[in-house]
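Colleague: Starting off with a structure, shown below.
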Amino acid sequence: AIIRRARESGSPFSLSMHLRVLIDALAGLHYAHELKDFDGRSIQLVHRDISPQNIFVTYDGQVKVLDFGIATALTSTCETQAGILKGKVPYMAPEQFLGLPVDRRADLYSMGTLLWQAATGERLWKGVSDVEVISRVSRGQIPAPSEHTPGIPESLDRVCAKALSFDRDLRHATAAELEQDLEVVVEKLNARVTMRDIGAFVAEAFAHDRAQLALTIENRMKMGTVRDGKVDLGSFLVRPQPFGSNSVLYTSTDSNVSSGRLENAPLATPFARRSDPPESPV
């Protein structure tokens, strides 16, 4: 959504910003890959669905890897039904759609597809059917970013090609290793940006959406009916939005919040910081 909005506004999401988002996402992914159980053993968690839709950027520039809904772990007792693919084929590692056991390197392949998109400005396999994607990847026909967009720095081309290796033994061993390689690329390109830079860009790009959402929330709250001292929010349903970590719909110091009813619960102004005092109780 950020990339699309940037294009529409005429202010493209720069390569340096794109790389910073991917570097931060890799840090989060490495944390997930390193998770251990209570006995200190690695659970070998694999996300299996790394894609642009599952990387969120908050309005203060934090990057979060979300939706581990189809993740697998060594300790998992669930197996995918034969003949069923889980995940998005254009971002999927070959061992995943071939039905082979997967490890963290499958997620690194998926990150490689996002790096390819960052480098070229286009999705890898754009306009190609899932069947054809599987066929081309299985034959090792994965184009280098420079084949699509001449002029891409050799260092970036090389890192991307390694991440997208068909043979997983030729890929980076960990997300931290890929993250480190990208940091070197950023240094060579002199393209360093900060989390604050990313946050300012995203907040400005979605300023109108946030204002509209705040107005919707305010209007829906006014529509709530008061019955026996309870505020019935009724059809107060708002489509989930990628709120910043410093944004809340409401705050409550009362424990009587359940089933869509707020009993004597103070409602806060939409998008108020957690440190802001709530308004007077309804």
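Residues are named by chain letter and number: chains run A, B, ... in the order of the structure tokens, numbers start at 1 in each chain, and ligands are numbered from 1 in the order shown.
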Hey, what does DSSP flag as helix (DSSP H, G or I) within region 6-224 of chain A? Can you give it to me as a PyMOL selection string?
Modeller: chain A and resi 6-9+15-33+52-54+89-91+94-97+104-120+130-138+145-148+154-163+168-170+175-189+195-205+207-223
Colleague: Could you pull the residues within 8 Å of Leu15 (chain A), counting only C-alpha atoms, minus those fewer than 4 positions along the same chain, as a CSV table (one decimal) with N, CA, C and O atoms, in the first residue's frame?
Modeller:
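Result file follows (part25.csv):
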chain,number,residue,atom,x,y,z
A,19,LEU,N,15.2,-0.2,1.3
A,19,LEU,CA,16.2,-1.1,1.9
A,19,LEU,C,16.2,-1.0,3.4
A,19,LEU,O,16.3,-2.0,4.1
A,118,ALA,N,12.4,-4.2,-4.6
A,118,ALA,CA,13.0,-2.9,-4.2
A,118,ALA,C,14.0,-2.4,-5.2
A,118,ALA,O,14.1,-1.2,-5.5
A,119,ALA,N,14.8,-3.3,-5.8
A,119,ALA,CA,15.9,-2.9,-6.7
A,119,ALA,C,15.3,-2.4,-8.0
A,119,ALA,O,15.8,-1.5,-8.6
Colleague: May I ask for the distance between CA of Arg105 (chain A) and CA of Glu34 (chain A), given in Å to one decimal place?
Modeller: 12.7 Å
Colleague: Please identify all polymer residues within 9 Å of region 156-172 of chain A, counting only C-alpha atoms, omitting same-chain residues fewer than 5 positions from it, and present them as a ChimeraX atom specification.
Modeller: /A:93-95,105-106,108-113,115-116,119,137-140,142-146,177-178,181-182,185-186
Colleague: Can you spit out the residues from that selection as a compact mmCIF listing (two decimals), in the first residue's frame, using N, CA, C and O atoms?
Modeller:
# COMPACT_ATOMS: atom_id res chain seq x y z
N ALA A 93 9.53 -19.99 -1.75
CA ALA A 93 10.77 -20.70 -2.05
C ALA A 93 10.47 -21.99 -2.80
O ALA A 93 9.43 -22.62 -2.57
N PRO A 94 11.37 -22.42 -3.69
CA PRO A 94 11.11 -23.63 -4.48
C PRO A 94 10.87 -24.87 -3.64
O PRO A 94 10.01 -25.69 -3.96
N GLU A 95 11.62 -25.03 -2.54
CA GLU A 95 11.42 -26.22 -1.71
C GLU A 95 10.03 -26.24 -1.09
O GLU A 95 9.50 -27.31 -0.77
N ARG A 105 15.69 -20.73 5.70
CA ARG A 105 16.18 -20.25 4.41
C ARG A 105 15.06 -20.07 3.39
O ARG A 105 15.22 -19.33 2.41
N ALA A 106 13.91 -20.71 3.62
CA ALA A 106 12.75 -20.47 2.76
C ALA A 106 12.27 -19.04 2.91
O ALA A 106 11.90 -18.37 1.93
N LEU A 108 14.16 -16.57 3.73
CA LEU A 108 15.18 -15.70 3.14
C LEU A 108 15.00 -15.61 1.63
O LEU A 108 15.26 -14.55 1.04
N TYR A 109 14.56 -16.69 1.00
CA TYR A 109 14.23 -16.63 -0.42
C TYR A 109 13.11 -15.61 -0.65
O TYR A 109 13.16 -14.79 -1.56
N SER A 110 12.08 -15.68 0.19
CA SER A 110 10.96 -14.75 0.07
C SER A 110 11.43 -13.31 0.24
O SER A 110 10.98 -12.40 -0.46
N MET A 111 12.34 -13.08 1.19
CA MET A 111 12.91 -11.75 1.36
C MET A 111 13.69 -11.34 0.12
O MET A 111 13.74 -10.16 -0.23
N GLY A 112 14.27 -12.32 -0.55
CA GLY A 112 14.98 -12.03 -1.80
C GLY A 112 14.05 -11.50 -2.88
O GLY A 112 14.42 -10.61 -3.65
N THR A 113 12.82 -12.02 -2.92
CA THR A 113 11.85 -11.51 -3.90
C THR A 113 11.47 -10.06 -3.58
O THR A 113 11.25 -9.25 -4.49
N LEU A 115 13.50 -7.95 -2.10
CA LEU A 115 14.68 -7.17 -2.45
C LEU A 115 14.73 -6.93 -3.96
O LEU A 115 15.09 -5.84 -4.41
N TRP A 116 14.34 -7.93 -4.73
CA TRP A 116 14.27 -7.80 -6.19
C TRP A 116 13.30 -6.68 -6.56
O TRP A 116 13.58 -5.85 -7.42
N ALA A 119 14.80 -3.27 -5.75
CA ALA A 119 15.85 -2.87 -6.69
C ALA A 119 15.30 -2.44 -8.05
O ALA A 119 15.78 -1.48 -8.65
N VAL A 137 10.96 -21.24 -11.90
CA VAL A 137 11.84 -21.35 -10.74
C VAL A 137 12.45 -22.75 -10.68
O VAL A 137 13.64 -22.91 -10.37
N SER A 138 11.65 -23.77 -10.99
CA SER A 138 12.14 -25.15 -10.95
C SER A 138 13.25 -25.37 -11.97
O SER A 138 14.13 -26.21 -11.76
N ARG A 139 13.22 -24.62 -13.06
CA ARG A 139 14.25 -24.72 -14.09
C ARG A 139 15.41 -23.77 -13.84
O ARG A 139 16.33 -23.66 -14.65
N GLY A 140 15.35 -23.06 -12.73
CA GLY A 140 16.43 -22.13 -12.41
C GLY A 140 16.41 -20.86 -13.22
O GLY A 140 17.43 -20.16 -13.31
N ILE A 142 15.52 -17.72 -12.86
CA ILE A 142 15.22 -16.57 -12.01
C ILE A 142 16.09 -15.41 -12.49
O ILE A 142 17.32 -15.45 -12.33
N PRO A 143 15.51 -14.38 -13.08
CA PRO A 143 16.33 -13.29 -13.63
C PRO A 143 16.98 -12.46 -12.54
O PRO A 143 16.40 -12.25 -11.46
N ALA A 144 18.17 -12.00 -12.80
CA ALA A 144 18.83 -11.09 -11.87
C ALA A 144 18.17 -9.72 -12.01
O ALA A 144 17.65 -9.38 -13.08
N PRO A 145 18.16 -8.91 -10.96
CA PRO A 145 17.55 -7.58 -11.05
C PRO A 145 18.13 -6.75 -12.20
O PRO A 145 17.40 -6.02 -12.87
N SER A 146 19.44 -6.86 -12.45
CA SER A 146 20.08 -6.07 -13.50
C SER A 146 19.62 -6.47 -14.89
O SER A 146 19.73 -5.68 -15.84
N GLU A 177 22.54 -12.59 8.56
CA GLU A 177 23.59 -12.54 7.54
C GLU A 177 23.13 -11.71 6.34
O GLU A 177 23.90 -10.89 5.82
N LEU A 178 21.90 -11.92 5.91
CA LEU A 178 21.36 -11.14 4.80
C LEU A 178 21.24 -9.67 5.20
O LEU A 178 21.54 -8.77 4.42
N ASP A 181 24.62 -8.04 4.95
CA ASP A 181 25.00 -7.78 3.55
C ASP A 181 24.30 -6.54 3.02
O ASP A 181 24.90 -5.75 2.28
N LEU A 182 23.03 -6.35 3.39
CA LEU A 182 22.29 -5.18 2.93
C LEU A 182 22.82 -3.90 3.57
O LEU A 182 22.83 -2.83 2.94
N VAL A 185 25.62 -2.82 1.52
CA VAL A 185 25.13 -2.20 0.28
C VAL A 185 24.72 -0.75 0.54
O VAL A 185 25.06 0.15 -0.22
N VAL A 186 23.99 -0.54 1.63
CA VAL A 186 23.54 0.81 1.99
C VAL A 186 24.73 1.74 2.20
O VAL A 186 24.73 2.89 1.77
Colleague: Looking at only C-alpha atoms, which of A:Ser16, A:Gln44, A:Val63, A:Leu215 is the one that sits closest to Lys188 (chain A)?
Modeller: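 Ranked by minimum distance to Lys188 (chain A), first place goes to A:Ser16.
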Colleague: Can you pull out the residues contacting Ala32 (chain A)? Cut-off 10 Å, using only C-alpha atoms, and skip same-chain residues under 2 positions away; I want them as a list in words.
Modeller: Leu26, Ala27, Gly28, Leu29, His30, Glu34, Leu35, Lys36, Ile43, Gln44, Leu45, Val46, His47, Val65, Phe68, Arg104 and Ala175 of chain A
